[in-house]
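Asker: Pasting coords_5.cif below, which is mmCIF, C-alpha atoms and all ligand atoms.
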```cif
data_input
#
loop_
_atom_site.label_atom_id
_atom_site.label_comp_id
_atom_site.auth_asym_id
_atom_site.auth_seq_id
_atom_site.Cartn_x
_atom_site.Cartn_y
_atom_site.Cartn_z
CA MET A 1 -29.95 -29.41 34.92
CA ALA A 2 -31.11 -27.83 31.69
CA SER A 3 -31.84 -24.46 33.34
CA ARG A 4 -28.37 -24.39 34.89
CA MET A 5 -26.79 -24.84 31.52
CA ASN A 6 -28.82 -21.91 30.24
CA ILE A 7 -27.65 -19.65 33.04
CA TRP A 8 -24.02 -20.34 32.33
CA ALA A 9 -24.15 -20.51 28.55
CA PRO A 10 -23.52 -16.79 27.91
CA PHE A 11 -20.50 -16.83 30.25
CA LEU A 12 -19.05 -19.92 28.61
CA LEU A 13 -19.53 -18.32 25.21
CA LEU A 14 -17.75 -15.19 26.39
CA ALA A 15 -14.93 -17.24 27.90
CA SER A 16 -14.49 -19.20 24.69
CA VAL A 17 -14.29 -16.00 22.64
CA PHE A 18 -11.39 -14.81 24.79
CA THR A 19 -9.68 -18.18 24.88
CA PHE A 20 -9.70 -18.77 21.15
CA SER A 21 -9.26 -15.26 19.75
CA ASN A 22 -5.51 -15.39 19.35
CA ALA A 23 -5.20 -12.56 16.83
CA GLY A 24 -1.63 -11.75 15.96
CA LYS A 25 0.02 -8.57 14.75
CA ILE A 26 2.21 -7.71 11.79
CA SER A 27 5.65 -6.18 12.20
CA ILE A 28 7.42 -4.69 9.16
CA TYR A 29 10.89 -3.37 8.32
CA TRP A 30 11.00 -0.01 6.56
CA GLY A 31 14.01 2.02 5.51
CA GLN A 32 16.23 0.09 3.14
CA ASN A 33 14.51 0.99 -0.14
CA GLY A 34 13.56 4.51 -1.21
CA ASN A 35 10.70 3.15 -3.35
CA GLU A 36 8.55 1.77 -0.54
CA GLY A 37 6.51 4.86 0.31
CA THR A 38 7.01 7.21 3.25
CA LEU A 39 6.89 6.09 6.84
CA ALA A 40 3.54 7.88 7.26
CA GLU A 41 2.12 6.06 4.21
CA THR A 42 3.35 2.79 5.67
CA CYS A 43 1.45 3.42 8.90
CA ALA A 44 -1.62 4.76 7.08
CA THR A 45 -2.17 1.32 5.46
CA GLY A 46 -3.41 0.08 8.83
CA ASP A 47 -1.66 -3.24 8.11
CA TYR A 48 1.15 -2.97 10.63
CA SER A 49 1.39 -2.75 14.42
CA PHE A 50 5.18 -2.29 14.46
CA VAL A 51 7.51 -0.52 12.05
CA ASN A 52 11.22 -1.20 12.48
CA LEU A 53 13.37 1.61 11.08
CA ALA A 54 16.23 -0.11 9.27
CA PHE A 55 18.98 0.52 10.28
CA LEU A 56 21.37 2.15 12.72
CA SER A 57 24.00 0.31 10.69
CA SER A 58 27.21 1.49 12.28
CA PHE A 59 28.02 1.72 15.98
CA GLY A 60 30.31 0.65 18.77
CA ALA A 61 34.03 0.21 19.34
CA GLY A 62 34.85 3.83 18.51
CA ARG A 63 32.70 4.08 15.37
CA ASN A 64 30.52 7.11 14.86
CA PRO A 65 26.94 5.76 15.24
CA GLN A 66 25.33 6.14 11.84
CA LEU A 67 21.78 5.80 10.59
CA ASN A 68 21.22 4.46 7.07
CA LEU A 69 17.78 4.88 5.51
CA ALA A 70 18.90 4.25 1.92
CA GLY A 71 17.06 6.52 -0.56
CA HIS A 72 14.58 7.92 1.97
CA CYS A 73 16.74 10.70 3.35
CA ASP A 74 20.35 11.59 4.07
CA PRO A 75 21.24 11.59 7.76
CA TYR A 76 24.78 12.90 6.96
CA SER A 77 23.33 16.28 5.97
CA ASN A 78 20.76 16.13 8.79
CA GLY A 79 18.12 15.36 6.14
CA CYS A 80 15.99 12.89 8.11
CA THR A 81 14.57 15.19 10.78
CA GLY A 82 11.41 15.56 8.64
CA LEU A 83 10.61 12.00 9.67
CA SER A 84 9.61 13.30 13.10
CA SER A 85 6.06 14.17 12.00
CA ASN A 86 5.78 10.78 10.28
CA ILE A 87 6.81 9.05 13.50
CA THR A 88 4.25 10.88 15.62
CA PHE A 89 1.62 10.21 12.93
CA CYS A 90 2.39 6.48 13.16
CA GLN A 91 2.20 6.58 16.95
CA SER A 92 -1.17 8.37 16.77
CA LYS A 93 -2.39 5.38 14.72
CA GLY A 94 -1.24 2.99 17.46
CA VAL A 95 1.82 1.83 15.53
CA LYS A 96 5.02 1.37 17.51
CA VAL A 97 8.06 2.77 15.75
CA ILE A 98 11.29 1.02 16.67
CA LEU A 99 14.91 1.81 15.83
CA SER A 100 16.50 -1.33 14.40
CA ILE A 101 20.22 -1.57 15.07
CA GLY A 102 22.53 -3.79 13.02
CA GLY A 103 21.25 -5.34 9.81
CA GLY A 104 22.87 -7.45 7.14
CA ALA A 105 25.33 -4.94 5.74
CA GLY A 106 26.57 -2.70 8.53
CA ALA A 107 29.80 -2.44 10.52
CA TYR A 108 29.12 -2.78 14.21
CA SER A 109 30.23 -4.41 17.44
CA ILE A 110 30.37 -3.56 21.12
CA ALA A 111 33.81 -3.57 22.67
CA SER A 112 33.07 -3.59 26.40
CA GLN A 113 30.44 -3.11 29.06
CA ASP A 114 31.31 0.58 29.12
CA ASP A 115 30.98 0.77 25.34
CA ALA A 116 27.47 -0.73 25.72
CA LYS A 117 26.65 1.90 28.34
CA GLN A 118 27.79 4.72 26.07
CA LEU A 119 25.83 3.33 23.12
CA ALA A 120 22.69 3.04 25.24
CA GLN A 121 23.16 6.65 26.33
CA TYR A 122 23.69 7.75 22.72
CA ILE A 123 20.50 5.97 21.60
CA TRP A 124 18.55 7.40 24.55
CA ASN A 125 19.70 10.96 23.82
CA ASN A 126 19.33 10.82 20.05
CA TYR A 127 16.30 8.58 19.42
CA LEU A 128 14.44 8.05 22.69
CA GLY A 129 13.45 10.31 25.58
CA GLY A 130 16.77 12.06 26.09
CA GLN A 131 18.16 15.20 24.52
CA SER A 132 20.83 16.00 21.98
CA PRO A 133 21.48 19.06 19.77
CA LYS A 134 21.46 16.89 16.63
CA ARG A 135 18.77 14.23 16.83
CA PRO A 136 18.85 12.43 13.43
CA LEU A 137 15.05 11.95 13.37
CA GLY A 138 14.17 15.18 15.15
CA ASP A 139 12.14 15.49 18.34
CA ALA A 140 9.91 12.42 17.99
CA VAL A 141 10.55 9.83 20.68
CA LEU A 142 10.77 6.29 19.30
CA ASP A 143 9.11 3.40 21.10
CA GLY A 144 12.08 1.13 21.41
CA VAL A 145 15.11 -0.59 19.97
CA ASP A 146 15.28 -3.70 17.78
CA PHE A 147 18.41 -5.89 17.86
CA ASP A 148 19.01 -7.22 14.33
CA ILE A 149 22.56 -8.31 14.99
CA GLU A 150 23.95 -10.48 12.19
CA SER A 151 27.70 -9.86 12.38
CA GLY A 152 30.42 -8.31 14.51
CA GLY A 153 30.20 -10.83 17.35
CA PRO A 154 27.76 -11.44 20.20
CA ASP A 155 29.53 -9.60 23.01
CA HIS A 156 27.85 -7.08 25.31
CA TYR A 157 24.41 -7.00 23.70
CA ASP A 158 23.12 -8.29 27.04
CA ASP A 159 24.70 -5.20 28.62
CA LEU A 160 23.15 -2.96 25.97
CA ALA A 161 19.71 -4.49 26.65
CA THR A 162 20.15 -3.94 30.38
CA TYR A 163 21.16 -0.29 30.00
CA LEU A 164 18.44 0.52 27.45
CA SER A 165 15.77 -1.20 29.49
CA ALA A 166 16.73 0.82 32.57
CA TYR A 167 15.71 4.03 30.76
CA SER A 168 12.08 2.86 31.00
CA ALA A 169 12.23 4.07 34.60
CA LYS A 170 12.49 7.65 33.30
CA GLY A 171 8.91 7.56 32.03
CA LYS A 172 7.87 6.12 28.67
CA LYS A 173 8.63 2.42 28.35
CA VAL A 174 11.53 1.51 26.08
CA TYR A 175 10.44 -1.61 24.19
CA LEU A 176 13.14 -4.10 23.29
CA THR A 177 12.72 -6.36 20.28
CA ALA A 178 15.07 -8.68 18.40
CA ALA A 179 15.35 -10.45 15.06
CA PRO A 180 17.43 -13.60 15.65
CA GLN A 181 18.01 -16.28 12.99
CA CYS A 182 15.88 -19.40 13.42
CA PRO A 183 18.60 -21.91 14.45
CA TYR A 184 18.26 -21.97 18.26
CA PRO A 185 19.97 -20.45 20.19
CA ASP A 186 21.00 -17.45 18.11
CA ALA A 187 24.75 -16.97 17.83
CA MET A 188 24.56 -13.18 18.04
CA VAL A 189 21.69 -12.19 20.34
CA GLY A 190 21.18 -15.44 22.27
CA LYS A 191 22.87 -14.09 25.37
CA ALA A 192 20.97 -10.79 25.19
CA LEU A 193 17.67 -12.70 24.95
CA ASP A 194 18.62 -14.63 28.10
CA THR A 195 18.28 -11.39 30.06
CA GLY A 196 14.50 -11.79 29.74
CA LEU A 197 14.22 -8.07 28.94
CA PHE A 198 12.82 -8.40 25.41
CA ASP A 199 9.14 -7.71 24.70
CA TYR A 200 8.82 -8.97 21.13
CA VAL A 201 11.07 -11.38 19.27
CA TRP A 202 10.65 -11.79 15.50
CA VAL A 203 12.62 -14.86 14.53
CA GLN A 204 13.93 -14.91 10.94
CA PHE A 205 12.65 -18.16 9.50
CA TYR A 206 14.48 -17.51 6.23
CA ASN A 207 17.98 -17.87 4.78
CA ASN A 208 18.23 -20.87 7.13
CA PRO A 209 16.93 -24.02 5.33
CA PRO A 210 17.20 -26.37 8.36
CA CYS A 211 14.52 -24.43 10.26
CA GLN A 212 12.34 -23.22 7.40
CA TYR A 213 9.07 -24.28 5.91
CA SER A 214 9.61 -26.04 2.62
CA SER A 215 7.06 -27.30 0.08
CA GLY A 216 4.32 -28.53 2.36
CA GLN A 217 6.58 -29.54 5.26
CA VAL A 218 6.02 -27.55 8.43
CA THR A 219 7.99 -29.93 10.71
CA ASN A 220 11.39 -28.21 10.56
CA LEU A 221 9.88 -24.80 11.18
CA ASP A 222 7.64 -26.08 13.97
CA ASP A 223 10.53 -27.89 15.68
CA ALA A 224 12.52 -24.64 15.74
CA TRP A 225 9.42 -22.67 16.82
CA LYS A 226 9.03 -24.98 19.82
CA GLN A 227 12.65 -24.44 20.81
CA TRP A 228 12.19 -20.67 20.60
CA THR A 229 8.93 -20.55 22.52
CA ALA A 230 10.24 -22.87 25.23
CA GLY A 231 13.74 -21.42 25.36
CA ILE A 232 13.34 -17.68 25.76
CA LYS A 233 11.39 -15.66 28.29
CA ALA A 234 9.86 -13.20 25.82
CA LYS A 235 6.09 -13.69 25.73
CA ASN A 236 5.51 -12.64 22.13
CA ILE A 237 7.29 -14.59 19.41
CA PHE A 238 6.70 -13.66 15.77
CA LEU A 239 7.18 -15.72 12.62
CA GLY A 240 9.64 -13.69 10.55
CA LEU A 241 9.28 -14.14 6.78
CA PRO A 242 10.33 -12.61 3.46
CA ALA A 243 7.37 -10.73 1.92
CA ALA A 244 8.40 -11.84 -1.60
CA PRO A 245 10.39 -14.76 -3.06
CA ASP A 246 13.30 -12.45 -3.92
CA ALA A 247 13.29 -10.68 -0.54
CA ALA A 248 15.59 -13.40 0.84
CA GLY A 249 17.79 -16.24 -0.37
CA SER A 250 15.21 -18.81 0.79
CA GLY A 251 12.25 -19.23 3.10
CA PHE A 252 9.40 -17.54 1.22
CA ILE A 253 6.03 -19.15 2.08
CA PRO A 254 3.12 -18.70 -0.37
CA THR A 255 0.24 -16.98 1.45
CA GLY A 256 -2.11 -19.96 0.96
CA ASP A 257 0.40 -22.33 2.60
CA LEU A 258 0.97 -19.84 5.41
CA THR A 259 -2.68 -19.43 6.31
CA SER A 260 -3.73 -23.08 5.84
CA LYS A 261 -0.66 -25.03 6.99
CA VAL A 262 1.72 -22.92 9.05
CA LEU A 263 -0.24 -20.41 11.12
CA PRO A 264 -2.77 -22.96 12.46
CA VAL A 265 0.17 -24.94 13.92
CA LEU A 266 1.97 -21.93 15.43
CA LYS A 267 -1.25 -20.51 16.87
CA ARG A 268 -1.45 -23.48 19.24
CA SER A 269 1.35 -21.76 21.11
CA LYS A 270 0.46 -19.20 23.78
CA LYS A 271 3.53 -17.20 22.79
CA TYR A 272 2.46 -16.74 19.19
CA GLY A 273 2.48 -12.97 18.59
CA GLY A 274 2.08 -12.62 14.83
CA VAL A 275 4.15 -12.28 11.67
CA MET A 276 7.18 -10.11 10.89
CA LEU A 277 7.89 -9.24 7.25
CA TRP A 278 11.01 -8.18 5.42
CA SER A 279 10.25 -5.63 4.10
CA LYS A 280 7.77 -2.85 3.23
CA TYR A 281 9.26 -2.63 -0.27
CA TYR A 282 8.66 -6.33 -0.96
CA ASP A 283 5.27 -6.26 0.73
CA ASP A 284 4.27 -3.55 -1.76
CA GLN A 285 5.30 -5.83 -4.65
CA THR A 286 3.29 -8.87 -3.50
CA GLY A 287 0.50 -7.57 -1.24
CA TYR A 288 1.57 -10.22 1.27
CA SER A 289 0.39 -8.52 4.46
CA LYS A 290 -3.02 -7.64 3.02
CA ALA A 291 -3.48 -11.26 1.89
CA ILE A 292 -2.65 -12.76 5.30
CA LYS A 293 -3.92 -10.02 7.63
CA SER A 294 -7.26 -11.60 8.56
CA ASP A 295 -5.52 -14.91 9.34
CA VAL A 296 -2.59 -13.55 11.36
C1 LIG B 301 6.10 12.44 6.16
O1 LIG B 301 7.35 12.90 5.69
C2 LIG B 301 7.34 13.50 4.42
C3 LIG B 301 8.74 13.89 4.04
O2 LIG B 301 9.63 12.88 4.34
C4 LIG B 301 6.42 14.71 4.42
O3 LIG B 301 6.34 15.25 3.13
C5 LIG B 301 5.04 14.32 4.91
O4 LIG B 301 4.24 15.48 5.05
C6 LIG B 301 5.11 13.59 6.24
N1 LIG B 301 3.77 13.10 6.58
C7 LIG B 301 3.27 13.21 7.81
C8 LIG B 301 1.88 12.69 8.00
O5 LIG B 301 3.88 13.67 8.73
#
```
Taking this structure as input, can you express it in the form of structure tokens?

Answerer:
Amino acid sequence: MASRMNIWAPFLLLASVFTFSNAGKISIYWGQNGNEGTLAETCATGDYSFVNLAFLSSFGAGRNPQLNLAGHCDPYSNGCTGLSSNITFCQSKGVKVILSIGGGAGAYSIASQDDAKQLAQYIWNNYLGGQSPKRPLGDAVLDGVDFDIESGGPDHYDDLATYLSAYSAKGKKVYLTAAPQCPYPDAMVGKALDTGLFDYVWVQFYNNPPCQYSSGQVTNLDDAWKQWTAGIKAKNIFLGLPAAPDAAGSGFIPTGDLTSKVLPVLKRSKKYGGVMLWSKYYDDQTGYSKAIKSDV
């Protein structure tokens, strides 16, 4: 009996290492503050696995699709093409660079299934593997598209997801990610998420007190987390948080509370993928990602 145990012990040890090493990743938003370092500097920190470029803030229903990267560069004068080398630098470091569409302040909506098709084609030609004479970020091919839809109505984002996802067949995979609000299901992207086409979903557990962590109480957040992990097909769900108290109206979690009280609960879930932070600017102010990195 004893010798049998010895024979199997190394295999059991190996199995347990794989079973319990549930290391998550950090996803960050970059683009809405000129004082947050360059994109290449962001990726050079080694802290992030995903950078969401925020935002393609205007699109659909006859609008001219428009990128807004605040003080970083001016897309109107074609001033953001220099980002191409930063994007390929990030990708060489294993960081996925994603175009985030929508955001809190833009003007956007999709008028019809055909409008969704045209938008998908525009994004493919201008930011992904297609071609266009005036690519706002130059030749670099982004890794995917993030749906941060917070206004303008929920219609046809399922169509947009379907059309974008179909471009994966042309070669490089087009990753689809989303940033819904924590009340489940999300009013804007709920239907799009039902397509099952999304790879990573970073749920915003902020600006929504009923599903947030608050002063020692993880129950509300965990209840919502369970709805999200059970309700959508995506296999990687992230805990979306403000990186500083003033990065959002509410929902900031001190790093000590996060690592000792919140993450241990969420990590019981097979779908736990890591932590999303808003944003690089606020992360620079607090050092949030560096403080939590080894526990994510
Ligand atoms: C990143 O872009 C800036 C300009 O926006 C440029 O000066 C810098 O050389 C780029 N870095 C890399 C690694 O491409």

Asker: Mind listing the residues within 6 Å of ligand LIG 301 (chain B), only C-alpha atoms and all ligand atoms counted, as a PyMOL selection string?

Answerer: chain A and resi 40+82-83+85-86+89

Asker: Can those selected residues be exported to a file as a compact mmCIF listing (two decimals), in the frame of the given file so that it contains C-alpha atoms?

Answerer:
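Full text of out02.txt as output:
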```txt
# COMPACT_ATOMS: atom_id res chain seq x y z
CA ALA A 40 3.54 7.88 7.26
CA GLY A 82 11.41 15.56 8.64
CA LEU A 83 10.61 12.00 9.67
CA SER A 85 6.06 14.17 12.00
CA ASN A 86 5.78 10.78 10.28
CA PHE A 89 1.62 10.21 12.93
```

Asker: Which one is closest to Thr45 in chain A: A:Gly60, A:Gly103, A:Gly287, A:Gly152? Count all atoms listed in the file.

Answerer: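 Ranked by minimum distance to Thr45 in chain A, first place goes to A:Gly287.
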
Asker: Would you list the residues near (8.8, -8.3, 3.7), meaning any protein, DNA or RNA residue with an atom at most 10 Å from that point in file coordinates, counting only C-alpha atoms, as a compact mmCIF listing (two decimals) with C-alpha atoms, in the coordinates of the input?

Answerer:
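Full text of selection_25.txt as output:
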```txt
# COMPACT_ATOMS: atom_id res chain seq x y z
CA SER A 27 5.65 -6.18 12.20
CA ILE A 28 7.42 -4.69 9.16
CA TYR A 29 10.89 -3.37 8.32
CA TRP A 30 11.00 -0.01 6.56
CA GLY A 240 9.64 -13.69 10.55
CA LEU A 241 9.28 -14.14 6.78
CA PRO A 242 10.33 -12.61 3.46
CA ALA A 243 7.37 -10.73 1.92
CA ALA A 244 8.40 -11.84 -1.60
CA PRO A 245 10.39 -14.76 -3.06
CA ASP A 246 13.30 -12.45 -3.92
CA ALA A 247 13.29 -10.68 -0.54
CA ALA A 248 15.59 -13.40 0.84
CA PHE A 252 9.40 -17.54 1.22
CA MET A 276 7.18 -10.11 10.89
CA LEU A 277 7.89 -9.24 7.25
CA TRP A 278 11.01 -8.18 5.42
CA SER A 279 10.25 -5.63 4.10
CA LYS A 280 7.77 -2.85 3.23
CA TYR A 281 9.26 -2.63 -0.27
CA TYR A 282 8.66 -6.33 -0.96
CA ASP A 283 5.27 -6.26 0.73
CA ASP A 284 4.27 -3.55 -1.76
CA GLN A 285 5.30 -5.83 -4.65
CA THR A 286 3.29 -8.87 -3.50
CA GLY A 287 0.50 -7.57 -1.24
CA TYR A 288 1.57 -10.22 1.27
CA SER A 289 0.39 -8.52 4.46
```

Asker: Can you sort out the box for range 249-253 of chain A, edges along x, y and z, all listed atoms in, 3 Å on every side, with centre and edge lengths in Å to one decimal, as lines of an AutoDock Vina configuration file?

Answerer:
```
center_x = 11.9
center_y = -17.7
center_z = 1.4
size_x = 17.8
size_y = 9.0
size_z = 9.5
```

Asker: Using all atoms listed in the file, can you list as a VMD selection string the residues within 12 Å of (19.9, -16.6, 23.0)?

Answerer: chain A and resid 147 149 154 to 155 157 to 158 178 to 198 201 203 227 to 234

Asker: What does the structure give for the distance between CA of Gly256 in chain A and CA of Val275 in chain A, in Å to one decimal?

Answerer: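 Answer for the CA of Gly256 in chain A to CA of Val275 in chain A separation: 14.6 Å.
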
Asker: Quick check, in Å to one decimal: how far apart do CA of Ala161 in chain A and CA of Ser58 in chain A lie?

Answerer: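 Going from CA of Ala161 in chain A over to CA of Ser58 in chain A covers 17.3 Å.
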
Asker: From the set A:Leu164, A:Ala61, A:Pro254, A:Asn78, which residue has the shortest atom-to-atom contact distance to Pro133 in chain A, counting all atoms listed in the file?

Answerer: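 Nearest to Pro133 in chain A: A:Asn78.
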
Asker: Quick one: pull the distance between CA of Leu56 in chain A and CA of Gly102 in chain A, Å, one decimal.

Answerer: 6.1 Å

Asker: Taking 4 positions as the minimum chain separation for residues in the same chain, which residues sit within 12 Å of Ile98 in chain A when counting only C-alpha atoms? Answer as a PyMOL selection string.

Answerer: chain A and resi 27-31+39+49-56+87+90-91+123+127-128+140-148+174-178+200

Asker: Near Thr38 in chain A, counting only C-alpha atoms, which residues have an atom at most 8 Å away, once you skip same-chain residues fewer than 3 positions from it, shown as a CSV table (one decimal) with C-alpha atoms, in the coordinates of the input?

Answerer:
```csv
chain,number,residue,atom,x,y,z
A,41,GLU,CA,2.1,6.1,4.2
A,42,THR,CA,3.4,2.8,5.7
A,72,HIS,CA,14.6,7.9,2.0
A,86,ASN,CA,5.8,10.8,10.3
```

Asker: Counting only C-alpha atoms, which of A:Gly71, A:Lys173, A:Asn126, A:Gly62 gets nearest to Gly37 in chain A?

Answerer: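 Smallest distance to Gly37 in chain A is found for A:Gly71.
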
Asker: My list of candidates is A:Leu266, A:Cys73, A:Leu239, A:Leu67. Which is closest to Ala107 in chain A when distances are computed with only C-alpha atoms?

Answerer: A:Leu67

Asker: Which one is closest to Lys293 in chain A: A:Asn33, A:Asn220, A:Gly46, A:Gly94? Count only C-alpha atoms.

Answerer: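 Checking each of A:Asn33, A:Asn220, A:Gly46, A:Gly94 against Lys293 in chain A, counting only C-alpha atoms, the winner is A:Gly46.
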